[in-house]
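Notes for the one structure printed next.
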Amino acid sequence: MNLFCSSCRGQINPYDNYCPFCGGRQMLSIPGDARPRKIKKGIFCHACSEKNIEEALFCAACGVDLYNKMGAVLYCPECGKKNTPEARFCAYCSFDFDEWFARRGKIANEHGYTGSMIFHEKMTGISFHFLTGKKITFGRSEENYISIPVSWVSGKHAVIDMERGLLIDSDSANGTYINHSPERITEVEIKDIKEFNLAGLFTFPVIKREGLFIFQLGAVLDENLVRNSGKLKEIDQLRSHYYILASGDGEFDIRKMDGEIITPPMDKMEFFTIKVINGYYYFIDEERGMKNYLLLKKNNRLPLSWKITFRRTDL
């Protein structure tokens with residue numbers, strides 16, 4: 001009989017106390033014919049020394065994150081022998097603990113996704129674009145990553161150069177502006193931007209988190225002008241898209257009620273959390289017991305309201 005985690009739908013063993021894929025607590029009645037899982041080659045938990053399947057992200061016995069160092073003891077994930085908590089290498093098999101806990105273990109390397117993706121939340125209709133390409137382009141042309149199909153925006157209007165950390169105006173006809181200033185920019189560092197505006201009409205507020213630069217279409221300064229262009233519907237659709245540029249490790253919370261990215265209240269049950277660690281993506285839903293769930297290249301086990309599309313952004 002196959003059993004599945006109620007949070008992430010990953011296949012689990014009847015004897016698992018926690019889901020090895022999302023860390024969710026399992027409350028199972030063990031069938032009379034069930035047997036503990038036999039594991040020939042796997043991962044030893046660094047906190048309790050129990051052996052787990054190779055695909056595990058969390059210990060099925062104690063629920064600890066297998067890639068997050070914690071606790072007063074340190075068992076080697078490779079050989080299971082006990083080491084001092086300060087050890088960098090296993091005293092018995094020379095396993096590199098620093099590499100493992102830096103999220104460069106075999107699971108993240110072999111299964112984790114590190115490129116660009118779109119994370120779509122079906123209940124709210126909001127999409128979150130995680131952008132890791134070299135350049136993100138804006139303009140009227142559909143060849144741009146962010147297309148604004150009105151005549152006041154140039155075909156190639158502006159670009160965010162992610163390698164250099166710059167917002168650059170592409171010699172547009174009606175200019176690019178930042179922070180309510182009437183002076184059009186040529187180029188400016190994105191770290192100095194609180195909001196930016198294209199063609200004097202389309203304002204993108206900026207949310208900054210450590211390692212992350214997030215923006216979304218906010219105000220349209222002359223909606224009548226856009227409505228008369230016949231493109232109001234297309235422009236309104238842009239409001240349901242967040243764009244997240246990752247320049248390092250970072251995290252942010254998504255409010256379940258409406259999909260907004262805002263400063264969270266005390267009750268973490270009201271939010272999903274997305275983490276970016278060493279270029280890999282992790283999903284947290286405390287209400288469902290999902291801990292640092294690694295987003296996979298394929299076969300993601302996520303709540304049914306989420307859909308992931310992987311894509312390139314270096315247009």
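For the structure tokens, the naming scheme is as follows: chains receive sequential letters (A, B, ...) according to their order of presentation, residues are indexed from 1 within each chain, and ligands are indexed from 1 in presentation order.
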Quiz item: stretch 74-77 of chain A: which residues within 7 Å, counting only C-alpha atoms, same-chain residues fewer than 4 positions away excluded, as a ChimeraX atom specification?
Solution: /A:43-47,49,81-85,90
For the selection you just gave me, I'd like the residues written to a file as a PDB file, in the first residue's frame, keeping N, CA and C atoms.
```
ATOM      1  N   ILE A  43      21.336   8.637   3.685  1.00  0.00           N
ATOM      2  CA  ILE A  43      21.896   9.783   4.391  1.00  0.00           C
ATOM      3  C   ILE A  43      21.656   9.591   5.885  1.00  0.00           C
ATOM      4  N   PHE A  44      22.726   9.666   6.661  1.00  0.00           N
ATOM      5  CA  PHE A  44      22.568   9.615   8.108  1.00  0.00           C
ATOM      6  C   PHE A  44      22.221  11.009   8.624  1.00  0.00           C
ATOM      7  N   CYS A  45      21.255  11.070   9.519  1.00  0.00           N
ATOM      8  CA  CYS A  45      20.858  12.356  10.099  1.00  0.00           C
ATOM      9  C   CYS A  45      21.965  12.869  11.006  1.00  0.00           C
ATOM     10  N   HIS A  46      22.363  14.123  10.829  1.00  0.00           N
ATOM     11  CA  HIS A  46      23.443  14.697  11.621  1.00  0.00           C
ATOM     12  C   HIS A  46      23.023  14.969  13.057  1.00  0.00           C
ATOM     13  N   ALA A  47      21.702  14.934  13.331  1.00  0.00           N
ATOM     14  CA  ALA A  47      21.218  15.223  14.677  1.00  0.00           C
ATOM     15  C   ALA A  47      20.917  13.976  15.490  1.00  0.00           C
ATOM     16  N   SER A  49      21.321  10.499  13.981  1.00  0.00           N
ATOM     17  CA  SER A  49      22.070   9.396  13.365  1.00  0.00           C
ATOM     18  C   SER A  49      21.201   8.359  12.656  1.00  0.00           C
ATOM     19  N   LYS A  81      29.038   8.243  11.749  1.00  0.00           N
ATOM     20  CA  LYS A  81      29.833   8.272  12.973  1.00  0.00           C
ATOM     21  C   LYS A  81      29.723   9.644  13.655  1.00  0.00           C
ATOM     22  N   LYS A  82      29.839   9.633  14.993  1.00  0.00           N
ATOM     23  CA  LYS A  82      29.697  10.847  15.786  1.00  0.00           C
ATOM     24  C   LYS A  82      30.976  11.672  15.764  1.00  0.00           C
ATOM     25  N   ASN A  83      30.822  12.981  15.541  1.00  0.00           N
ATOM     26  CA  ASN A  83      31.936  13.919  15.523  1.00  0.00           C
ATOM     27  C   ASN A  83      31.649  15.068  16.495  1.00  0.00           C
ATOM     28  N   THR A  84      32.666  15.878  16.758  1.00  0.00           N
ATOM     29  CA  THR A  84      32.449  17.068  17.576  1.00  0.00           C
ATOM     30  C   THR A  84      31.651  18.088  16.762  1.00  0.00           C
ATOM     31  N   PRO A  85      30.822  18.910  17.405  1.00  0.00           N
ATOM     32  CA  PRO A  85      30.001  19.878  16.667  1.00  0.00           C
ATOM     33  C   PRO A  85      30.816  20.860  15.841  1.00  0.00           C
ATOM     34  N   CYS A  90      34.750  14.884   8.681  1.00  0.00           N
ATOM     35  CA  CYS A  90      34.500  13.703   9.510  1.00  0.00           C
ATOM     36  C   CYS A  90      35.827  13.053   9.891  1.00  0.00           C
TER      37      CYS A  90
END
```
Practice problem: Run DSSP on the backbone and give me the residues of stretch 60-101 of chain A it puts in strand (DSSP E or B), as a count of residues only. | Solution: 7
Using only C-alpha atoms, find each residue in stretch 230-285 of chain A having at least one atom no more than 10 Å away from stretch 98-122 of chain A; report its shortest atom-to-atom pair and that distance in Å (one decimal), rows by chain then rising number, as a tab-separated table.
```
residue	atom	partner	partner_atom	distance
A:His241	CA	A:His120	CA	9.2
A:Tyr242	CA	A:Ile118	CA	9.6
A:Tyr243	CA	A:Ile118	CA	9.2
A:Ile244	CA	A:Ser116	CA	9.8
A:Leu245	CA	A:Ser116	CA	9.6
A:Ala246	CA	A:Ser116	CA	9.9
A:Lys256	CA	A:Glu121	CA	9.3
A:Asp258	CA	A:Glu121	CA	9.8
A:Gly259	CA	A:Glu121	CA	7.5
A:Val276	CA	A:Thr114	CA	9.1
A:Ile277	CA	A:Arg103	CA	7.5
A:Asn278	CA	A:Arg103	CA	7.0
A:Gly279	CA	A:Thr114	CA	5.2
A:Tyr280	CA	A:Thr114	CA	4.9
A:Tyr281	CA	A:Tyr113	CA	6.9
A:Tyr282	CA	A:Gly112	CA	9.1
```
Let me see the file: selected residues, N, CA and C atoms, as a CSV table (one decimal), in the first residue's frame.
```csv
chain,number,residue,atom,x,y,z
A,241,HIS,N,1.8,40.5,-11.7
A,241,HIS,CA,3.1,39.8,-11.9
A,241,HIS,C,4.2,40.5,-11.0
A,242,TYR,N,4.8,39.8,-10.1
A,242,TYR,CA,6.0,40.2,-9.4
A,242,TYR,C,7.3,39.7,-10.1
A,243,TYR,N,8.3,40.6,-10.1
A,243,TYR,CA,9.6,40.2,-10.7
A,243,TYR,C,10.6,40.3,-9.6
A,244,ILE,N,11.3,39.1,-9.4
A,244,ILE,CA,12.3,39.0,-8.3
A,244,ILE,C,13.7,38.8,-8.9
A,245,LEU,N,14.6,39.7,-8.7
A,245,LEU,CA,16.0,39.6,-9.1
A,245,LEU,C,16.8,39.1,-7.9
A,246,ALA,N,17.5,38.0,-8.0
A,246,ALA,CA,18.2,37.5,-6.9
A,246,ALA,C,19.7,37.7,-7.1
A,256,LYS,N,-1.2,34.6,1.9
A,256,LYS,CA,-2.0,33.6,1.3
A,256,LYS,C,-3.3,34.2,0.8
A,258,ASP,N,-4.2,37.1,-0.5
A,258,ASP,CA,-4.3,37.8,-1.8
A,258,ASP,C,-3.0,37.8,-2.6
A,259,GLY,N,-2.0,37.0,-2.2
A,259,GLY,CA,-0.8,36.9,-3.0
A,259,GLY,C,0.2,38.1,-2.9
A,276,VAL,N,15.8,31.9,-1.2
A,276,VAL,CA,16.9,31.6,-2.2
A,276,VAL,C,18.2,31.4,-1.4
A,277,ILE,N,18.7,30.2,-1.5
A,277,ILE,CA,20.0,29.9,-0.8
A,277,ILE,C,20.9,29.2,-1.8
A,278,ASN,N,22.1,29.9,-2.0
A,278,ASN,CA,23.1,29.4,-2.9
A,278,ASN,C,22.5,29.2,-4.3
A,279,GLY,N,21.5,30.0,-4.7
A,279,GLY,CA,20.9,29.8,-6.0
A,279,GLY,C,19.8,28.9,-6.1
A,280,TYR,N,19.5,28.1,-5.0
A,280,TYR,CA,18.4,27.1,-5.0
A,280,TYR,C,17.2,27.7,-4.3
A,281,TYR,N,16.0,27.2,-4.7
A,281,TYR,CA,14.8,27.8,-4.2
A,281,TYR,C,14.2,26.8,-3.2
A,282,TYR,N,13.7,27.4,-2.1
A,282,TYR,CA,13.0,26.6,-1.0
A,282,TYR,C,11.7,27.2,-0.7
```
Quiz prompt | Pick from A:Gln237, A:Lys191, A:Cys8, A:Glu142 nearest to A:Gly211, counting only C-alpha atoms | solution =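 Nearest candidate to A:Gly211 out of A:Gln237, A:Lys191, A:Cys8, A:Glu142: A:Lys191.
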Practice problem: Write out as a PyMOL selection string which residues come within 12 Å of A:Asn144 when counting only C-alpha atoms, dropping same-chain ones fewer than 5 positions away. | Solution: chain A and resi 135-139+149+153-160+313-315
Write the residues of the selection above to a file with all heavy atoms, as a compact mmCIF listing (two decimals), in the first residue's frame.
```
# COMPACT_ATOMS: atom_id res chain seq x y z
N LYS A 135 20.29 39.97 -18.38
CA LYS A 135 19.61 41.23 -18.62
C LYS A 135 18.10 41.02 -18.68
O LYS A 135 17.62 40.02 -19.22
CB LYS A 135 20.09 41.86 -19.93
CG LYS A 135 21.55 42.29 -19.90
CD LYS A 135 21.97 42.95 -21.21
CE LYS A 135 23.42 43.40 -21.16
NZ LYS A 135 23.86 44.03 -22.42
N ILE A 136 17.35 41.98 -18.13
CA ILE A 136 15.89 41.99 -18.19
C ILE A 136 15.48 43.24 -18.96
O ILE A 136 15.80 44.36 -18.55
CB ILE A 136 15.27 42.01 -16.79
CG1 ILE A 136 15.83 40.88 -15.93
CG2 ILE A 136 13.74 41.93 -16.88
CD1 ILE A 136 15.63 39.50 -16.51
N THR A 137 14.80 43.06 -20.08
CA THR A 137 14.49 44.18 -20.96
C THR A 137 13.02 44.58 -20.85
O THR A 137 12.14 43.76 -20.63
CB THR A 137 14.79 43.83 -22.42
OG1 THR A 137 14.06 42.65 -22.79
CG2 THR A 137 16.28 43.56 -22.61
N PHE A 138 12.78 45.90 -21.01
CA PHE A 138 11.45 46.49 -21.03
C PHE A 138 11.24 47.16 -22.38
O PHE A 138 12.18 47.74 -22.94
CB PHE A 138 11.30 47.57 -19.95
CG PHE A 138 11.60 47.14 -18.55
CD1 PHE A 138 12.91 47.00 -18.10
CD2 PHE A 138 10.57 46.88 -17.66
CE1 PHE A 138 13.19 46.63 -16.80
CE2 PHE A 138 10.84 46.50 -16.35
CZ PHE A 138 12.15 46.38 -15.92
N GLY A 139 10.01 47.15 -22.88
CA GLY A 139 9.74 47.88 -24.12
C GLY A 139 8.41 47.50 -24.74
O GLY A 139 7.71 46.60 -24.26
N PRO A 149 2.65 47.26 -24.32
CA PRO A 149 2.28 47.48 -25.73
C PRO A 149 1.55 48.78 -26.01
O PRO A 149 0.43 48.79 -26.53
CB PRO A 149 1.37 46.26 -26.00
CG PRO A 149 0.70 46.02 -24.69
CD PRO A 149 1.72 46.34 -23.64
N VAL A 153 5.79 53.98 -25.06
CA VAL A 153 6.96 53.20 -24.64
C VAL A 153 7.72 52.79 -25.90
O VAL A 153 7.14 52.30 -26.87
CB VAL A 153 6.52 51.93 -23.85
CG1 VAL A 153 7.72 51.05 -23.55
CG2 VAL A 153 5.80 52.35 -22.57
N SER A 154 9.03 52.99 -25.89
CA SER A 154 9.85 52.65 -27.05
C SER A 154 9.93 51.14 -27.23
O SER A 154 9.72 50.37 -26.28
CB SER A 154 11.26 53.22 -26.89
OG SER A 154 11.22 54.64 -26.85
N GLY A 155 10.23 50.71 -28.46
CA GLY A 155 10.34 49.29 -28.74
C GLY A 155 11.33 48.61 -27.81
O GLY A 155 11.07 47.53 -27.27
N LYS A 156 12.48 49.23 -27.63
CA LYS A 156 13.45 48.82 -26.63
C LYS A 156 13.66 50.02 -25.72
O LYS A 156 14.39 50.94 -26.05
CB LYS A 156 14.77 48.38 -27.28
CG LYS A 156 14.63 47.13 -28.14
CD LYS A 156 15.97 46.72 -28.73
CE LYS A 156 15.83 45.44 -29.57
NZ LYS A 156 17.12 45.02 -30.17
N HIS A 157 13.00 50.00 -24.58
CA HIS A 157 12.92 51.21 -23.75
C HIS A 157 14.01 51.26 -22.68
O HIS A 157 14.67 52.28 -22.50
CB HIS A 157 11.54 51.29 -23.09
CG HIS A 157 11.24 52.63 -22.51
ND1 HIS A 157 10.44 53.57 -23.15
CD2 HIS A 157 11.65 53.22 -21.36
CE1 HIS A 157 10.36 54.66 -22.41
NE2 HIS A 157 11.09 54.47 -21.32
N ALA A 158 14.16 50.17 -21.93
CA ALA A 158 15.13 50.15 -20.82
C ALA A 158 15.54 48.72 -20.54
O ALA A 158 14.92 47.76 -21.01
CB ALA A 158 14.51 50.79 -19.57
N VAL A 159 16.60 48.59 -19.76
CA VAL A 159 17.10 47.26 -19.43
C VAL A 159 17.67 47.28 -18.01
O VAL A 159 18.24 48.28 -17.58
CB VAL A 159 18.18 46.81 -20.44
CG1 VAL A 159 19.35 47.78 -20.46
CG2 VAL A 159 18.67 45.41 -20.12
N ILE A 160 17.44 46.19 -17.29
CA ILE A 160 18.14 45.98 -16.02
C ILE A 160 19.29 45.02 -16.32
O ILE A 160 19.07 43.88 -16.73
CB ILE A 160 17.22 45.41 -14.94
CG1 ILE A 160 16.17 46.46 -14.53
CG2 ILE A 160 18.03 44.99 -13.71
CD1 ILE A 160 15.22 45.98 -13.46
N THR A 313 15.63 33.73 -19.11
CA THR A 313 15.30 35.17 -19.10
C THR A 313 16.33 36.02 -19.83
O THR A 313 16.18 37.22 -19.91
CB THR A 313 15.21 35.69 -17.65
OG1 THR A 313 16.46 35.46 -16.99
CG2 THR A 313 14.11 34.99 -16.89
N ASP A 314 17.40 35.42 -20.34
CA ASP A 314 18.43 36.22 -21.01
C ASP A 314 17.99 36.50 -22.45
O ASP A 314 18.55 36.00 -23.40
CB ASP A 314 19.79 35.52 -20.97
CG ASP A 314 19.73 34.08 -21.44
OD1 ASP A 314 18.62 33.50 -21.48
OD2 ASP A 314 20.79 33.54 -21.80
N LEU A 315 16.95 37.33 -22.58
CA LEU A 315 16.36 37.63 -23.89
C LEU A 315 17.23 38.64 -24.66
O LEU A 315 17.89 39.45 -24.05
CB LEU A 315 14.96 38.19 -23.70
CG LEU A 315 13.99 37.25 -22.96
CD1 LEU A 315 12.64 37.94 -22.77
CD2 LEU A 315 13.79 35.95 -23.72
```
Exercise. Figure out the distance between atom CA of A:Asn52 and atom CA of A:Arg288, please, to one decimal in Å.
Key: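 Interatomic distance, atom CA of A:Arg288 to atom CA of A:Asn52: 21.9 Å.
A straight line drawn from atom CA of A:Cys48 to atom CA of A:Asp285 is 24.3 Å long.
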Quiz item: Looking at only C-alpha atoms, which of A:Phe215, A:Phe283, A:Phe310, A:Tyr145 is the one that sits closest to A:Phe21?
Solution: A:Phe283
Contacts between stretch 162-186 of chain A and stretch 195-215 of chain A, please, where a residue of stretch 195-215 of chain A counts if it comes within 8 Å (with only C-alpha atoms); show its shortest atom pair and distance in Å to one decimal, rows by chain and ascending number, as a Markdown table.
```
| residue | atom | partner | partner_atom | distance |
| --- | --- | --- | --- | --- |
| A:Glu195 | CA | A:Asn179 | CA | 5.3 |
| A:Phe196 | CA | A:Ile178 | CA | 4.2 |
| A:Asn197 | CA | A:Tyr177 | CA | 5.0 |
| A:Leu198 | CA | A:Thr176 | CA | 4.8 |
| A:Ala199 | CA | A:Asn174 | CA | 4.6 |
| A:Gly200 | CA | A:Asn174 | CA | 7.1 |
```
Quiz prompt | Distance in Å - atom CA of A:His129 versus atom CA of A:Ile308 | solution = 10.0 Å
